[in-house]
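Trainee: Mind having a look at this structure? Questions to follow.
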Amino acid sequence: MKYITIIYGNKDLWQSFTPDEAAKAIAEVDAFNRRYKESGELLAAYGLGDELTAKTVRVRDGVPAVTDGPYIEAKEFVSSFFLLDVDSEERALEIAAEYPFASHNAVEVWPILHESGAEM
């Protein structure tokens, strides 16, 4: 079964790291990605731009409106995600718990119920 795992970021946390701590954190994420890519359980991992580079699109009466943002009240924002292909939800949760930043911010695990184009 496939799962999307959403990782939340926090600029204040990241900016509190010393250069050595930041380098260590990046190395830990790289090692995590390599480990699960080699096991075949990690399909892909993506880092996202911050909330200042994101855009929101809404269509009203057939007219798209693009705005900066999302502007959120919380300090946390979606910063990255990865796709898993594992045997069970339990395994997806185990892997999510091993993500290096799981001890700092929320990591959400969502089952993927439909994959467009999978039937082709």
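Letters A, B, ... mark the chains of the structure tokens in the order given; residue numbers begin at 1 per chain; ligand numbers begin at 1, in order shown.
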Determine which residues of region 8-104 of chain A DSSP labels as strand (DSSP E or B) from the backbone of this structure, then write them out as a VMD selection string.
Mentor: chain A and resid 8 to 10 42 to 47 55 to 60 63 to 68 76 to 85
Trainee: For Tyr3 (chain A), find every residue with an atom within 12 Å (counting only C-alpha atoms), except residues of its own chain fewer than 5 positions away, and show them as a ChimeraX atom specification.
Mentor: /A:41-45,81-93,95-96,108-115
Trainee: Take the residues that were just selected and, keeping C-alpha atoms, output them as a compact mmCIF listing (two decimals), in the first residue's frame.
Mentor:
# COMPACT_ATOMS: atom_id res chain seq x y z
CA GLU A 41 9.99 1.35 0.51
CA LEU A 42 10.75 4.99 -0.34
CA LEU A 43 9.48 5.86 -3.80
CA ALA A 44 10.41 9.56 -3.72
CA ALA A 45 11.17 12.42 -1.35
CA PHE A 81 6.91 15.00 1.76
CA PHE A 82 7.85 11.50 0.77
CA LEU A 83 6.02 8.61 -0.83
CA LEU A 84 6.16 5.14 0.62
CA ASP A 85 5.19 1.76 -0.77
CA VAL A 86 4.98 -0.60 2.21
CA ASP A 87 3.18 -3.74 3.30
CA SER A 88 1.10 -2.13 6.04
CA GLU A 89 0.07 1.04 7.80
CA GLU A 90 2.13 -0.12 10.77
CA ARG A 91 5.25 -0.15 8.61
CA ALA A 92 4.49 3.34 7.24
CA LEU A 93 4.16 4.62 10.81
CA ILE A 95 9.27 4.63 8.98
CA ALA A 96 7.66 8.01 9.73
CA GLU A 108 1.54 13.04 8.99
CA VAL A 109 0.95 9.68 7.29
CA TRP A 110 -1.91 9.47 4.81
CA PRO A 111 -2.93 6.36 2.85
CA ILE A 112 -3.12 6.89 -0.89
CA LEU A 113 -6.49 5.56 -1.97
CA HIS A 114 -6.28 6.23 -5.70
CA GLU A 115 -3.38 6.62 -8.07
Trainee: CA of Ala97 (chain A) to CA of Ile7 (chain A): how many Å, to one decimal?
Mentor: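 CA of Ile7 (chain A) lies at a distance of 11.2 Å from CA of Ala97 (chain A).
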Trainee: Using backbone DSSP assignments, extract all alpha helix (DSSP H) residues from chain A; output them as a PyMOL selection string.
Mentor: chain A and resi 11-16+19-39+89-98
Trainee: Which residue is closest to Trp14 (chain A)? Choose from A:Ile26, A:Asn33, A:Thr67, A:Leu48 and count only C-alpha atoms.
Mentor: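 Once distances to Trp14 (chain A) are computed over only C-alpha atoms, the minimum belongs to A:Ile26.
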Trainee: Taking 3 positions as the minimum chain separation for residues in the same chain, which residues sit within 7 Å of Val57 (chain A) when counting only C-alpha atoms? Answer as a PyMOL selection string.
Mentor: chain A and resi 64-67
Trainee: So the first atom is CA of Glu51 (chain A) and the second is CA of Gly69 (chain A); what is the distance between them in Å, to one decimal place?
Mentor: 5.9 Å
Trainee: Neighbouring residues of Phe77 (chain A) were defined as those with any atom within 12 Å, considering only C-alpha atoms; residues of the same chain fewer than 4 positions away were excluded. Please report them as a PyMOL selection string.
Mentor: chain A and resi 6-12+47-54+69-73+81+105-107
Trainee: Selection from above, C-alpha atoms, as a compact mmCIF listing (two decimals), in the first residue's frame, can you write it?
Mentor:
# COMPACT_ATOMS: atom_id res chain seq x y z
CA ILE A 6 3.91 15.05 5.08
CA ILE A 7 6.62 16.74 7.11
CA TYR A 8 6.07 20.10 8.76
CA GLY A 9 8.82 22.68 8.98
CA ASN A 10 9.44 25.56 11.31
CA LYS A 11 11.77 28.40 10.34
CA ASP A 12 12.48 29.31 13.96
CA GLY A 47 11.59 19.28 -0.21
CA LEU A 48 9.31 22.26 -0.77
CA GLY A 49 9.82 26.01 -0.82
CA ASP A 50 8.69 27.88 2.26
CA GLU A 51 5.38 29.65 2.78
CA LEU A 52 6.81 32.82 1.23
CA THR A 53 7.33 31.10 -2.14
CA ALA A 54 4.01 29.23 -2.21
CA GLY A 69 0.70 32.37 0.54
CA PRO A 70 -0.80 30.44 2.09
CA TYR A 71 -0.65 32.83 4.99
CA ILE A 72 -1.08 30.81 8.10
CA GLU A 73 -1.24 31.68 11.76
CA PHE A 81 6.91 15.00 1.76
CA ASN A 105 7.65 18.61 14.25
CA ALA A 106 4.61 16.66 13.18
CA VAL A 107 4.88 14.00 10.50
